[in-house]
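Let me begin by presenting the structure, written as structure tokens, before commenting on it.
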Amino acid sequence: MRKIIPAVLLLLSTLNFQLSTLSAQTQSGLVRTVTRPDAPSQVLQGVVVRIQGDYNPVMTDENGRFEMLMPGMKNGAPYALAGISKGGYELREPELVGRQLPFSSSVPVEIIMVSRRQLQRDKQRIEQAARENIERHYEEQMNALNEQLAQAKLNNREYEQRLAALEAEYDRFEPLIEQMAERYARTDYAQLNEADSLIQLAIEAGDLQLAQERILAKGDPAEREKKMKRIRKLAEAQRDELAEDYYRLYSIHLSRLENDSALYCLLRRAELDTTNAQWQLDAGNFYDKMSRRYDEALALYRRALRYAVANEGPQSLRAAMCHNNIAYALTQLKQYDQALPEQQQSAQIYLNLLGNEHPWTSERMNNLGVIHYYRGQLDSAQFYFDKAEAIYTAIGTNTDDPHLLARTHADLLNNMAAIDARQGKLDSAYERILRALEIVPQDAESNLILLLRMKGDICALRKEPEEAREAWQQALDKALRLYGEDHPTVQALKKNLR
């Protein structure tokens with residue numbers, strides 16, 4: 001059964017278009033792409049922009065500009081975007097939807113998008129560089145353990161315990177590496193100065209030593225923090241620069257398997273501005289993924305929710321993300337009764353903002369099903385899984401991101417297969433896994449590994465050992481290519497095949 005995992009939010013919509021005319025009560029704007037080292041920023045034509053309320057959607061012109069007529073709106077009054085969509089592109093900051101913005105008849109709002117194709121290429125490149133560093137440092141620690149054992153500095157039991165801890169820690173790095181790569185792949189280089197651009201390039205290329213030297217050339221981060229605190233009013237730009245450097249140092253420590261140092265950097269960053277909801281979410285996410293310290297994660301998630309509501313409103317996507325993460329932490333603490341209303345609130349916000357024919361709305365229904373599953377309410381779990389499945393059926397092919405749709409649908413089918421297996425419905429479980437394997441994108445290798453592993457498990461329960469071994473072997477072949485020989489998933493699959 002998959003855990004409730006905070007999702008990357010993608011906003012898709014299909015609308016009727018209407019251009020408004022310029023007036024004193026018009027909010028203008030510009031939509032452009034991010035600036036990347038190999039791809040300069042470009043204005044985007046044909047982007048649909050919606051604003052919450054009874055305003056007609058508009059479309060950007062050939063210069064990437066739009067004008068939204070908002071009768072009765074006064075300068076400084078809050079408004080919020082309801083959706084920004086263009087085929088093949090997504091928002092650089094998905095949380096921009098639902099965030100309160102100040103209306104201005106003279107200052108255009110800038111909206112930054114990223115090409116999904118470019119995003120995928122950059123993510124794969126950054127992940128590969130990060131994994132190469134992790135593999136190298138993992139091997140160094142393995143060698144050190146083996147040397148200590150050979151020199152009798154560790155007995156066999158101590159060696160096995162440390163080895164198991166190292167392998168468990170290694171396994172938990174995967175989602176963190178993916179999140180780190182996602183964040184860096186969305187970086188807009190137009191917003192970086194020359195020094196920060198060079199640091200960013202070094203990290204993306206996996207040259208961690210050079211990146212660290214360039215960061216420390218600015219001065220020790222702890223000393224820089226002390227200096228800032230002596231300033232009566234902390235300049236926002238200076239604070240944000242330091243926060244970015246803490247995150248970069250976190251990325252470096254993460255790639256070196258330096259768990260405590262990575263956590264320290266995220267916590268220092270979170271404390272720089274406790275009203276920044278995303279910084280609290282990032283620190284909490286590390287707590288629960290790496291340290292399994294769910295109480296500390298929960299405190300950060302609740303702080304994030306408090307300020308997401310204060311800064312962006314109770315119905316914002318970031319608030320929904322906070323409710324989702326709170327539900328996740330409570331679920332891990334086995335406090336399922338408290339987790340349920342948090343996930344219900346998250347699901348309702350997604351439903352309000354994205355509608356009932358969106359894959360991320362389906363994901364929230366899936367999460368509700370997971371909580372009911374853990375509460376032992378299998379009928380309720382099945383109810384929500386069925387609701388999630390109904391959303392995918394309603395969406396059909398009406399999406400500009402079929403890759404996302406297929407991948408998340410396959411994840412849901414995996415969960416439905418798990419509940420079928422628990423109820424002894426092995427034929428139904430088997431059919432769901434086969435369907436998931438038919439629709440999952442072939443380049444989504446981590447999803448394929450999980451599905452093939454589940455297929456092997458179900459075949460084993462069905463007393464079909466040859467088919468089970470075939471599925472496990474396929475999963476192992478992919479896991480070896482993706483993760484390497486020492487990855488825990490690889491070891492677990494090898495154990496199944498013995």
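All residue names refer to the structure tokens as shown: chains lettered A, B, ... in order, residues numbered from 1 in each chain, ligands numbered from 1 in order.
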
* To do: Name the residues in contact with stretch 131-139 of chain A at a cut-off of 7 Å, using only C-alpha atoms, excluding same-chain residues fewer than 5 positions from it; report them as number ranges by chain.
  => A: 206, 255-257

Since we have the selection now, will you write its residues out, keeping C-alpha atoms, as a PDB file, in the first residue's frame?
ATOM      1  CA  GLY A 206      27.181  17.298  -9.487  1.00  0.00           C
ATOM      2  CA  SER A 255      24.313  13.872  -1.847  1.00  0.00           C
ATOM      3  CA  ARG A 256      27.092  12.918   0.572  1.00  0.00           C
ATOM      4  CA  LEU A 257      24.761  10.937   2.855  1.00  0.00           C
TER       5      LEU A 257
END

Please produce, as CSV, a per-residue contact table for stretch 112-158 of chain A versus stretch 179-201 of chain A (criterion: any atom at most 8 Å away, only C-alpha atoms considered), showing the nearest atom pair and its distance in Å to one decimal, sorted by chain then residue number.
residue,atom,partner,partner_atom,distance
A:Val114,CA,A:Arg186,CA,7.1
A:Leu119,CA,A:Ala185,CA,5.8
A:Asp122,CA,A:Ala185,CA,5.4
A:Lys123,CA,A:Ala181,CA,5.2
A:Gln124,CA,A:Ala181,CA,7.8
A:Ile126,CA,A:Ala181,CA,5.5
A:Glu127,CA,A:Ala181,CA,5.6

Take the residues just selected and output them with C-alpha atoms as a short mmCIF file (atom, residue, chain, number, x, y, z; two decimals), in the first residue's frame.
data_model
loop_
_atom_site.label_atom_id
_atom_site.label_comp_id
_atom_site.auth_asym_id
_atom_site.auth_seq_id
_atom_site.Cartn_x
_atom_site.Cartn_y
_atom_site.Cartn_z
CA VAL A 114 8.27 25.79 -17.56
CA LEU A 119 11.70 20.07 -16.96
CA ASP A 122 16.76 18.80 -16.48
CA LYS A 123 15.35 16.62 -13.70
CA GLN A 124 16.88 13.47 -15.18
CA ILE A 126 20.30 16.59 -12.07
CA GLU A 127 19.10 13.30 -10.54
#

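In this comparison, which uses only C-alpha atoms, the residue of A:Val107, A:Leu351, A:Val34, A:Leu96 approaching A:Asn311 most closely is A:Leu96.
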
Set the distance at 9 Å and use only C-alpha atoms: which residues neighbour stretch 213-229 of chain A once local chain neighbours fewer than 4 positions away are removed? I'd like the list as a short mmCIF file (atom, residue, chain, number, x, y, z; two decimals) with C-alpha atoms, in the first residue's frame.
data_model
loop_
_atom_site.label_atom_id
_atom_site.label_comp_id
_atom_site.auth_asym_id
_atom_site.auth_seq_id
_atom_site.Cartn_x
_atom_site.Cartn_y
_atom_site.Cartn_z
CA ALA A 195 27.70 34.21 -8.29
CA ASP A 196 24.52 32.29 -7.52
CA LEU A 198 27.71 29.62 -10.91
CA ILE A 199 26.81 27.85 -7.64
CA LEU A 208 29.67 19.53 -5.09
CA GLN A 209 33.15 20.56 -4.01
CA LYS A 233 15.66 45.02 9.99
CA LEU A 234 16.60 41.98 8.00
CA ALA A 235 16.52 42.79 4.31
CA GLN A 238 19.55 39.05 1.96
CA ARG A 239 17.45 36.61 3.94
CA LEU A 242 21.03 33.00 2.79
CA ASP A 245 22.56 28.91 0.33
CA TYR A 246 21.31 26.80 3.23
CA ARG A 248 22.24 24.41 -1.54
CA LEU A 249 24.35 23.19 1.37
CA ARG A 268 18.27 26.81 9.94
CA LEU A 272 15.15 32.28 9.13
#

* **Contact residues around A:Thr393 with only C-alpha atoms at 12 Å, ignoring same-chain residues under 5 positions, as a ChimeraX atom specification** => /A:356-359,362,386-388,398-399,405-406,409

Write the residues of the selection above to a file with N, CA and C atoms, as a compact mmCIF listing (two decimals), in the first residue's frame.
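Contents of result20.txt, freshly written:
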# COMPACT_ATOMS: atom_id res chain seq x y z
N ASN A 356 -13.64 18.22 -10.09
CA ASN A 356 -13.74 16.78 -9.85
C ASN A 356 -13.35 15.95 -11.07
N GLU A 357 -12.62 16.59 -12.00
CA GLU A 357 -12.10 15.84 -13.14
C GLU A 357 -10.62 16.18 -13.34
N HIS A 358 -9.90 16.11 -12.25
CA HIS A 358 -8.47 16.43 -12.28
C HIS A 358 -7.70 15.31 -11.58
N PRO A 359 -6.55 14.89 -12.12
CA PRO A 359 -5.83 13.76 -11.50
C PRO A 359 -5.40 14.01 -10.07
N SER A 362 -8.19 13.26 -7.80
CA SER A 362 -8.24 11.79 -7.64
C SER A 362 -7.21 11.33 -6.62
N ASP A 386 -12.73 3.80 -5.45
CA ASP A 386 -13.67 3.79 -6.57
C ASP A 386 -13.97 5.21 -7.05
N LYS A 387 -14.07 6.17 -6.09
CA LYS A 387 -14.29 7.57 -6.47
C LYS A 387 -13.10 8.10 -7.27
N ALA A 388 -11.91 7.74 -6.82
CA ALA A 388 -10.71 8.15 -7.55
C ALA A 388 -10.72 7.55 -8.96
N ASN A 398 -9.16 13.67 -22.04
CA ASN A 398 -9.28 15.13 -21.99
C ASN A 398 -8.23 15.72 -21.06
N THR A 399 -6.98 15.62 -21.45
CA THR A 399 -5.89 16.15 -20.64
C THR A 399 -4.73 16.50 -21.56
N LEU A 405 -1.32 11.64 -16.14
CA LEU A 405 -2.57 10.92 -15.93
C LEU A 405 -2.32 9.42 -15.83
N ALA A 406 -1.53 8.90 -16.75
CA ALA A 406 -1.28 7.45 -16.76
C ALA A 406 -0.50 7.01 -15.54
N HIS A 409 -2.71 7.24 -12.39
CA HIS A 409 -3.75 6.21 -12.47
C HIS A 409 -3.17 4.84 -12.15

* Just the residues within 9 Å of A:Ala130, please, counting only C-alpha atoms, with nothing from its chain fewer than 6 positions along; format it as a list in words. => Ile177, Ala181, Ile203, Glu204, Ala205, Gly206, Ser251, Ile252, Leu254 and Ser255 of chain A

* Kindly indicate which residue among A:Ser316, A:Asn75, A:Asn324, A:Asn156 lies nearest to A:Glu95, using only C-alpha atoms for the distances. => A:Ser316

* **DSSP-assigned alpha helix (DSSP H) among stretch 371-422 of chain A, expressed as a ChimeraX atom specification** => /A:371-374,378-395,402-422

What does the file look like for those residues with N, CA and C atoms, as a short mmCIF file (atom, residue, chain, number, x, y, z; two decimals), in the first residue's frame?
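Final output, saved to selection_7.cif:
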data_model
loop_
_atom_site.label_atom_id
_atom_site.label_comp_id
_atom_site.auth_asym_id
_atom_site.auth_seq_id
_atom_site.Cartn_x
_atom_site.Cartn_y
_atom_site.Cartn_z
N ILE A 371 -6.13 6.15 4.26
CA ILE A 371 -6.37 6.34 5.70
C ILE A 371 -7.45 5.36 6.17
N HIS A 372 -8.53 5.23 5.41
CA HIS A 372 -9.57 4.27 5.80
C HIS A 372 -9.01 2.85 5.81
N TYR A 373 -8.11 2.56 4.89
CA TYR A 373 -7.47 1.23 4.87
C TYR A 373 -6.73 0.99 6.19
N TYR A 374 -5.95 1.97 6.64
CA TYR A 374 -5.21 1.82 7.88
C TYR A 374 -6.15 1.75 9.09
N LEU A 378 -12.18 -1.35 5.29
CA LEU A 378 -11.88 -1.71 3.92
C LEU A 378 -12.98 -1.29 2.95
N ASP A 379 -14.24 -1.32 3.40
CA ASP A 379 -15.33 -0.89 2.53
C ASP A 379 -15.22 0.60 2.22
N SER A 380 -14.88 1.40 3.25
CA SER A 380 -14.71 2.85 3.02
C SER A 380 -13.50 3.11 2.15
N ALA A 381 -12.44 2.36 2.38
CA ALA A 381 -11.25 2.52 1.53
C ALA A 381 -11.60 2.23 0.08
N GLN A 382 -12.34 1.15 -0.14
CA GLN A 382 -12.74 0.81 -1.50
C GLN A 382 -13.62 1.89 -2.10
N PHE A 383 -14.49 2.50 -1.27
CA PHE A 383 -15.37 3.58 -1.73
C PHE A 383 -14.56 4.74 -2.31
N TYR A 384 -13.53 5.16 -1.58
CA TYR A 384 -12.73 6.29 -2.05
C TYR A 384 -11.83 5.90 -3.22
N PHE A 385 -11.33 4.67 -3.21
CA PHE A 385 -10.57 4.23 -4.37
C PHE A 385 -11.46 4.22 -5.62
N ASP A 386 -12.73 3.80 -5.45
CA ASP A 386 -13.67 3.79 -6.57
C ASP A 386 -13.97 5.21 -7.05
N LYS A 387 -14.07 6.17 -6.09
CA LYS A 387 -14.29 7.57 -6.47
C LYS A 387 -13.10 8.10 -7.27
N ALA A 388 -11.91 7.74 -6.82
CA ALA A 388 -10.71 8.15 -7.55
C ALA A 388 -10.72 7.55 -8.96
N GLU A 389 -11.08 6.29 -9.06
CA GLU A 389 -11.13 5.63 -10.36
C GLU A 389 -12.17 6.29 -11.26
N ALA A 390 -13.30 6.71 -10.68
CA ALA A 390 -14.35 7.37 -11.47
C ALA A 390 -13.85 8.69 -12.06
N ILE A 391 -12.99 9.38 -11.32
CA ILE A 391 -12.43 10.64 -11.84
C ILE A 391 -11.58 10.36 -13.06
N TYR A 392 -10.74 9.32 -13.00
CA TYR A 392 -9.92 8.99 -14.16
C TYR A 392 -10.78 8.62 -15.35
N THR A 393 -11.87 7.90 -15.09
CA THR A 393 -12.78 7.54 -16.18
C THR A 393 -13.39 8.78 -16.80
N ALA A 394 -13.77 9.75 -15.95
CA ALA A 394 -14.38 10.99 -16.44
C ALA A 394 -13.39 11.83 -17.25
N ILE A 395 -12.14 11.82 -16.81
CA ILE A 395 -11.12 12.59 -17.53
C ILE A 395 -10.90 12.01 -18.92
N PRO A 402 -0.98 13.51 -20.67
CA PRO A 402 -1.32 12.08 -20.55
C PRO A 402 -0.30 11.28 -19.74
N HIS A 403 0.95 11.73 -19.73
CA HIS A 403 1.99 11.04 -18.95
C HIS A 403 1.64 11.07 -17.47
N LEU A 404 1.30 12.25 -16.95
CA LEU A 404 0.90 12.39 -15.54
C LEU A 404 -0.33 11.56 -15.25
N LEU A 405 -1.32 11.64 -16.14
CA LEU A 405 -2.57 10.92 -15.93
C LEU A 405 -2.32 9.42 -15.83
N ALA A 406 -1.53 8.90 -16.75
CA ALA A 406 -1.28 7.45 -16.76
C ALA A 406 -0.50 7.01 -15.54
N ARG A 407 0.50 7.81 -15.14
CA ARG A 407 1.34 7.43 -14.01
C ARG A 407 0.55 7.42 -12.70
N THR A 408 -0.25 8.47 -12.46
CA THR A 408 -1.01 8.53 -11.21
C THR A 408 -2.15 7.50 -11.22
N HIS A 409 -2.71 7.24 -12.39
CA HIS A 409 -3.75 6.21 -12.47
C HIS A 409 -3.17 4.84 -12.15
N ALA A 410 -1.95 4.58 -12.66
CA ALA A 410 -1.30 3.31 -12.36
C ALA A 410 -1.04 3.17 -10.87
N ASP A 411 -0.67 4.27 -10.20
CA ASP A 411 -0.46 4.22 -8.75
C ASP A 411 -1.75 3.84 -8.03
N LEU A 412 -2.88 4.42 -8.47
CA LEU A 412 -4.16 4.09 -7.85
C LEU A 412 -4.49 2.62 -8.04
N LEU A 413 -4.28 2.11 -9.25
CA LEU A 413 -4.56 0.69 -9.50
C LEU A 413 -3.70 -0.20 -8.62
N ASN A 414 -2.47 0.23 -8.34
CA ASN A 414 -1.61 -0.51 -7.42
C ASN A 414 -2.25 -0.61 -6.04
N ASN A 415 -2.80 0.51 -5.55
CA ASN A 415 -3.46 0.52 -4.24
C ASN A 415 -4.70 -0.36 -4.25
N MET A 416 -5.46 -0.29 -5.34
CA MET A 416 -6.68 -1.11 -5.43
C MET A 416 -6.32 -2.58 -5.47
N ALA A 417 -5.20 -2.89 -6.13
CA ALA A 417 -4.75 -4.29 -6.14
C ALA A 417 -4.35 -4.74 -4.75
N ALA A 418 -3.74 -3.83 -3.98
CA ALA A 418 -3.31 -4.18 -2.62
C ALA A 418 -4.51 -4.50 -1.74
N ILE A 419 -5.58 -3.70 -1.86
CA ILE A 419 -6.76 -3.96 -1.02
C ILE A 419 -7.45 -5.25 -1.48
N ASP A 420 -7.46 -5.49 -2.79
CA ASP A 420 -8.02 -6.75 -3.28
C ASP A 420 -7.25 -7.94 -2.72
N ALA A 421 -5.93 -7.83 -2.72
CA ALA A 421 -5.11 -8.93 -2.22
C ALA A 421 -5.39 -9.19 -0.74
N ARG A 422 -5.56 -8.10 0.03
CA ARG A 422 -5.83 -8.27 1.46
C ARG A 422 -7.17 -8.95 1.68
#

* To do: Skip A:Gln45 itself and residues of its chain fewer than 6 positions away, then list as a ChimeraX atom specification all residues within 12 Å of it, counting only C-alpha atoms.
  => /A:30-33,58-66,85-87,89,113

* Computed interatomic separation between atom CA of A:Ser104 and atom CA of A:Gln27 (Å) ->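 Computed distance, atom CA of A:Ser104 to atom CA of A:Gln27, equals 6.1 Å.
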
* Asked: For A:Leu497, which of A:Met321, A:Leu330, A:Ala237, A:Ala468 is the closest residue, counting only C-alpha atoms?
  ->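 For A:Leu497, the nearest of the candidates is A:Ala468.
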
* Any idea what's packed within 12 Å of A:Lys494, counting only C-alpha atoms, ignoring anything in its chain fewer than 2 positions away? Could you give it as a list in words? ->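 So the residues in contact are Arg453, Arg469, Trp472, Gln473, Gln474, Ala475, Leu476, Asp477, Ala479, Leu480, Glu485, Asp486, His487, Pro488, Thr489, Val490, Gln491, Ala492, Asn496, Leu497 and Arg498 of chain A.
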
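In this structure, atom CA of A:Ala297 sits 7.4 Å away from atom CA of A:Ala283.
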
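The two atoms in question, atom CA of A:Arg303 and atom CA of A:Glu236, are spaced 20.3 Å apart.
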